[in-house]
$ cat target.txt   # compact mmCIF, C-alpha atoms
# COMPACT_ATOMS: atom_id res chain seq x y z
CA MET A 27 149.52 -5.21 10.80
CA PRO A 28 150.28 -2.56 8.08
CA LEU A 29 147.83 -2.38 5.19
CA ARG A 30 150.56 -3.13 2.65
CA THR A 31 151.49 -6.35 4.46
CA LEU A 32 147.86 -7.44 4.51
CA ILE A 33 147.52 -6.88 0.76
CA ILE A 34 150.73 -8.75 -0.07
CA THR A 35 149.67 -11.66 2.14
CA GLY A 36 146.41 -11.75 0.25
CA LEU A 37 148.22 -11.86 -3.09
CA ILE A 38 150.27 -14.89 -2.06
CA ALA A 39 147.36 -16.67 -0.39
CA SER A 40 144.87 -16.13 -3.22
CA THR A 41 145.83 -19.37 -4.93
CA ALA A 42 145.17 -21.31 -1.74
CA ALA A 43 141.76 -19.70 -1.51
CA PHE A 44 140.75 -21.67 -4.56
CA ALA A 45 141.98 -25.05 -3.31
CA PRO A 46 139.51 -27.83 -4.11
CA ALA A 47 137.26 -29.29 -1.45
CA ALA A 48 137.42 -32.87 -0.19
CA ASN A 49 135.80 -34.22 -3.36
CA ASN A 50 138.45 -33.11 -5.83
CA ASN A 51 136.60 -34.34 -8.90
CA ALA A 52 133.44 -32.36 -8.21
CA VAL A 53 132.71 -29.09 -9.99
CA LEU A 54 133.09 -26.41 -7.33
CA ALA A 55 130.16 -24.03 -7.64
CA THR A 56 131.45 -21.83 -4.81
CA ARG A 57 134.66 -20.89 -6.61
CA THR A 58 134.27 -17.51 -8.27
CA SER A 59 136.55 -14.69 -9.34
CA SER A 60 139.13 -12.82 -7.29
CA SER A 61 140.98 -9.59 -7.98
CA ALA A 62 144.39 -8.46 -6.75
CA LEU A 63 144.98 -4.70 -6.68
CA SER A 64 148.32 -3.18 -7.61
CA VAL A 65 150.40 -2.14 -4.60
CA ALA A 66 153.93 -0.80 -4.12
CA VAL A 67 156.38 -3.28 -2.55
CA ASP A 68 160.13 -3.44 -2.01
CA THR A 69 162.73 -6.20 -1.80
CA SER A 70 161.75 -7.05 1.78
CA ASP A 71 158.25 -7.97 0.58
CA ILE A 72 159.33 -10.42 -2.14
CA LYS A 73 157.84 -13.90 -1.79
CA ASN A 74 157.75 -16.93 -4.08
CA GLY A 75 154.63 -16.81 -6.22
CA LEU A 76 154.22 -13.02 -6.06
CA THR A 77 153.39 -11.48 -9.45
CA ILE A 78 154.83 -8.04 -10.15
CA GLU A 79 154.76 -5.75 -13.17
CA LEU A 80 158.04 -4.93 -14.92
CA ASP A 81 158.09 -2.77 -18.05
CA GLY A 82 154.33 -3.26 -18.42
CA GLU A 83 154.46 -7.08 -18.32
CA PRO A 84 153.62 -9.61 -15.58
CA TYR A 85 156.48 -11.48 -13.92
CA LYS A 86 156.04 -14.21 -11.31
CA VAL A 87 158.70 -14.73 -8.62
CA LEU A 88 160.03 -18.29 -8.93
CA ASN A 89 162.70 -18.00 -6.23
CA PHE A 90 164.98 -15.44 -4.64
CA SER A 91 168.08 -15.19 -2.47
CA ILE A 92 169.49 -12.46 -0.23
CA MET A 93 173.21 -11.73 -0.22
CA LYS A 94 174.42 -9.93 2.88
CA GLN A 95 177.60 -7.91 2.52
CA ALA A 96 180.19 -6.92 5.06
CA ARG A 97 179.89 -3.35 3.88
CA GLY A 98 176.91 -1.73 2.29
CA ALA A 99 173.30 -2.82 1.90
CA ALA A 100 172.28 -6.39 1.18
CA LYS A 101 171.36 -7.41 -2.36
CA THR A 102 168.45 -9.57 -3.46
CA THR A 103 168.66 -11.78 -6.54
CA ILE A 104 165.26 -12.72 -7.97
CA LYS A 105 164.38 -15.24 -10.65
CA PHE A 106 161.21 -14.31 -12.53
CA LYS A 107 159.03 -15.99 -15.13
CA ASN A 108 157.39 -13.73 -17.69
CA LEU A 109 153.81 -15.01 -17.65
CA LYS A 110 153.09 -13.45 -21.03
CA ARG A 111 156.11 -14.69 -23.00
CA GLY A 112 157.13 -17.73 -20.93
CA ASN A 113 160.83 -16.84 -20.61
CA THR A 114 162.70 -16.50 -17.31
CA ILE A 115 165.05 -13.75 -16.18
CA GLU A 116 167.26 -13.21 -13.13
CA ASN A 117 167.95 -9.74 -11.76
CA THR A 118 169.80 -8.43 -8.71
CA TYR A 119 168.44 -5.48 -6.74
CA ARG A 120 169.73 -3.28 -3.94
CA SER A 121 167.95 -3.61 -0.61
CA GLY A 122 164.84 -1.44 -0.54
CA GLU A 123 164.32 -1.16 -4.31
CA LYS A 124 160.64 -0.87 -5.12
CA PHE A 125 158.25 -2.72 -7.44
CA GLU A 126 154.58 -2.62 -8.36
CA THR A 127 152.57 -5.82 -7.98
CA ALA A 128 150.59 -6.75 -11.08
CA GLN A 129 146.87 -6.06 -11.03
CA ILE A 130 145.49 -9.49 -11.86
CA ASP A 131 142.15 -11.27 -11.80
CA ARG A 132 141.65 -14.98 -11.08
CA LYS A 133 138.54 -16.54 -12.53
CA ALA A 134 137.31 -20.08 -11.93
CA SER A 135 136.77 -21.73 -15.32
CA GLN A 136 135.91 -25.27 -16.38
CA PHE A 137 137.98 -27.03 -19.04
CA THR A 138 135.67 -28.15 -21.84
CA TYR A 139 137.79 -29.42 -24.74
CA GLU A 140 141.04 -29.30 -26.71
CA ASP A 141 140.93 -28.30 -30.36
CA GLU A 142 142.29 -31.18 -32.42
CA ASN A 143 143.79 -28.93 -35.10
CA SER A 144 145.37 -26.09 -33.13
CA GLY A 145 145.88 -27.88 -29.81
CA ASN A 146 144.43 -24.85 -28.02
CA TYR A 147 142.43 -25.41 -24.85
CA PHE A 148 138.93 -24.06 -24.29
CA PHE A 149 137.43 -23.19 -20.92
CA MET A 150 134.02 -21.96 -19.77
CA ASP A 151 133.88 -19.11 -17.28
CA SER A 152 132.06 -20.47 -14.22
CA GLU A 153 130.26 -17.14 -13.63
CA THR A 154 129.47 -15.79 -17.10
CA PHE A 155 129.51 -19.15 -18.97
CA GLU A 156 131.50 -17.46 -21.73
CA GLU A 157 134.00 -19.57 -23.69
CA VAL A 158 137.67 -18.69 -23.25
CA MET A 159 140.45 -19.93 -25.53
CA VAL A 160 143.94 -20.50 -24.11
CA GLU A 161 146.85 -21.09 -26.46
CA SER A 162 148.51 -24.47 -26.17
CA ALA A 163 151.97 -23.01 -25.54
CA MET A 164 150.76 -21.19 -22.44
CA ILE A 165 149.81 -24.39 -20.60
CA GLU A 166 152.58 -26.67 -21.81
CA ASP A 167 153.50 -27.64 -18.23
CA GLN A 168 149.89 -28.07 -17.05
CA LYS A 169 148.45 -30.03 -19.98
CA LYS A 170 149.16 -33.46 -18.58
CA TRP A 171 147.19 -32.73 -15.39
CA ILE A 172 144.09 -31.19 -16.98
CA SER A 173 141.16 -33.46 -17.79
CA GLU A 174 137.72 -32.77 -19.22
CA GLY A 175 135.42 -31.06 -16.73
CA MET A 176 138.23 -29.98 -14.41
CA GLU A 177 137.83 -26.56 -12.85
CA CYS A 178 140.96 -24.44 -12.99
CA ASP A 179 141.82 -20.82 -12.27
CA LEU A 180 142.50 -18.56 -15.25
CA VAL A 181 144.73 -15.62 -14.33
CA TRP A 182 143.96 -12.44 -16.30
CA PHE A 183 146.19 -9.40 -16.82
CA LYS A 184 145.09 -6.39 -18.85
CA GLY A 185 142.29 -8.36 -20.50
CA ALA A 186 144.32 -11.43 -21.48
CA VAL A 187 144.87 -14.83 -19.86
CA ILE A 188 148.48 -15.14 -18.70
CA GLU A 189 148.39 -18.29 -16.57
CA VAL A 190 146.32 -21.42 -15.95
CA ILE A 191 146.45 -22.88 -12.43
CA GLN A 192 145.26 -26.46 -12.08
CA PRO A 193 143.83 -27.67 -8.75
CA SER A 194 146.31 -29.24 -6.36
CA PRO A 195 146.06 -31.73 -4.81
CA TYR A 196 143.73 -33.66 -7.10
CA VAL A 197 142.44 -37.24 -7.17
CA TYR A 198 143.00 -39.38 -10.28
CA GLU A 199 142.40 -43.02 -11.17
CA VAL A 200 145.38 -45.24 -11.96
CA THR A 201 144.62 -46.59 -15.44
CA GLU A 202 147.81 -48.54 -16.01
CA THR A 203 150.55 -49.95 -13.78
CA GLU A 204 152.33 -53.24 -13.33
CA PRO A 205 150.71 -55.62 -10.82
CA ASN A 206 152.09 -55.83 -7.34
CA VAL A 207 154.30 -58.89 -7.04
CA LYS A 208 153.01 -61.10 -4.24
CA GLY A 209 155.55 -61.39 -1.47
CA ASN A 210 157.45 -58.30 -2.57
CA THR A 211 158.05 -56.54 0.74
CA ALA A 212 161.07 -54.49 -0.29
CA GLN A 213 160.93 -51.23 1.58
CA GLY A 214 160.65 -48.23 -0.71
CA TYR A 215 159.66 -50.30 -3.76
CA THR A 216 158.09 -47.99 -6.37
CA LYS A 217 156.84 -48.27 -9.94
CA PRO A 218 155.48 -46.01 -12.71
CA ALA A 219 151.72 -45.54 -13.05
CA VAL A 220 149.65 -43.89 -15.77
CA LEU A 221 146.80 -41.73 -14.49
CA SER A 222 143.37 -41.04 -15.99
CA CYS A 223 144.60 -37.62 -17.15
CA GLY A 224 147.43 -39.24 -19.13
CA ALA A 225 150.30 -38.23 -16.84
CA THR A 226 152.76 -40.77 -15.49
CA ILE A 227 153.94 -40.62 -11.87
CA THR A 228 155.87 -42.86 -9.49
CA VAL A 229 153.74 -44.73 -6.95
CA PRO A 230 154.41 -47.23 -4.15
CA GLY A 231 154.38 -50.91 -5.11
CA PHE A 232 151.06 -51.62 -3.37
CA VAL A 233 149.09 -49.24 -5.64
CA GLU A 234 147.08 -51.22 -8.19
CA GLN A 235 145.34 -50.47 -11.45
CA GLY A 236 141.95 -48.89 -10.71
CA SER A 237 143.13 -47.29 -7.46
CA GLN A 238 142.29 -43.68 -6.69
CA VAL A 239 145.35 -41.65 -5.75
CA LYS A 240 145.85 -38.10 -4.52
CA VAL A 241 148.52 -36.21 -6.46
CA ASP A 242 150.35 -32.95 -5.82
CA THR A 243 150.00 -31.60 -9.37
CA SER A 244 152.31 -28.66 -8.69
CA LYS A 245 155.20 -31.08 -8.05
CA GLY A 246 153.95 -34.10 -10.02
CA GLU A 247 154.21 -36.31 -6.94
CA TYR A 248 152.09 -39.09 -5.43
CA MET A 249 150.67 -38.20 -2.02
CA GLU A 250 148.45 -41.06 -0.89
CA ARG A 251 145.94 -43.71 -1.96
CA VAL A 252 142.32 -42.75 -1.29
$ encode --input "target.txt" --output "structure tokens"
Amino acid sequence: MPLRTLIITGLIASTAAFAPAANNNAVLATRTSSSALSVAVDTSDIKNGLTIELDGEPYKVLNFSIMKQARGAAKTTIKFKNLKRGNTIENTYRSGEKFETAQIDRKASQFTYEDENSGNYFFMDSETFEEVMVESAMIEDQKKWISEGMECDLVWFKGAVIEVIQPSPYVYEVTETEPNVKGNTAQGYTKPAVLSCGATITVPGFVEQGSQVKVDTSKGEYMERV
């Protein structure tokens, strides 16, 4: 397998390398830092989740599509998210156009507290024990899944945090939901449930308050009762 392909595969798989063990609520001492070196890629190497550098800033591939033409080379349309600014862009490229992947570092860090005044989140680096502040706006989508003591991955680019990745799947306690109605056997019956982290998801009717449930935090979906 070519070296470039191996490196790109490693970039995509690096998030999975930090997936939590069976006990999702335990602090994972084995999770450390990981670095991704910059490498030249072209449109044929584009994958969802790949982070590339455009005009000196990090952009993450959200999705892409390939348009084949009767005449001429195919074109690839890519939707990116700027991990520094938070905005999204969509560009179309000719087949074979080249990019540089972003040189990023992932560091396991434990969430410690949220500042009541600024709303910023504070993490502790699991290796150096240094405190790291992450602005509230950067983790707007992840806030509802993050609870005190949770170990997340902080993604660094040129000395600054550009992304927070929460563990997924993760086990939470159901703190509030309506009781299951005895005799209700309707297939597919669901109801809302509030989790210990504060997020609300849809769960099957048989899930009760106090239950432990596994959640896909990347999609916000119930997976199973544990």
$ atom_distance --input "target.txt" --atom1 "CA of Lys217 (chain A)" --atom2 "CA of Gly236 (chain A)"
14.9 Å
$ residues_near_point --input "target.txt" --point "(145.2, -46.3, -12.6)" --cutoff "8 Å" --atoms "all atoms listed in the file" --output "list in words"
Tyr198, Glu199, Val200, Thr201, Glu202, Thr203, Ala219, Val220, Leu221, Ser222, Glu234, Gln235, Gly236, Ser237 and Gln238 of chain A
$ residues_around --input "target.txt" --residues "Leu80 (chain A)" --least-positions-apart "5" --cutoff "12 Å" --atoms "only C-alpha atoms" --output "count of residues only"
16
$ atom_distance --input "target.txt" --atom1 "CA of Asp167 (chain A)" --atom2 "CA of Thr243 (chain A)"
10.3 Å
$ atom_distance --input "target.txt" --atom1 "CA of Glu250 (chain A)" --atom2 "CA of Val207 (chain A)"
19.7 Å
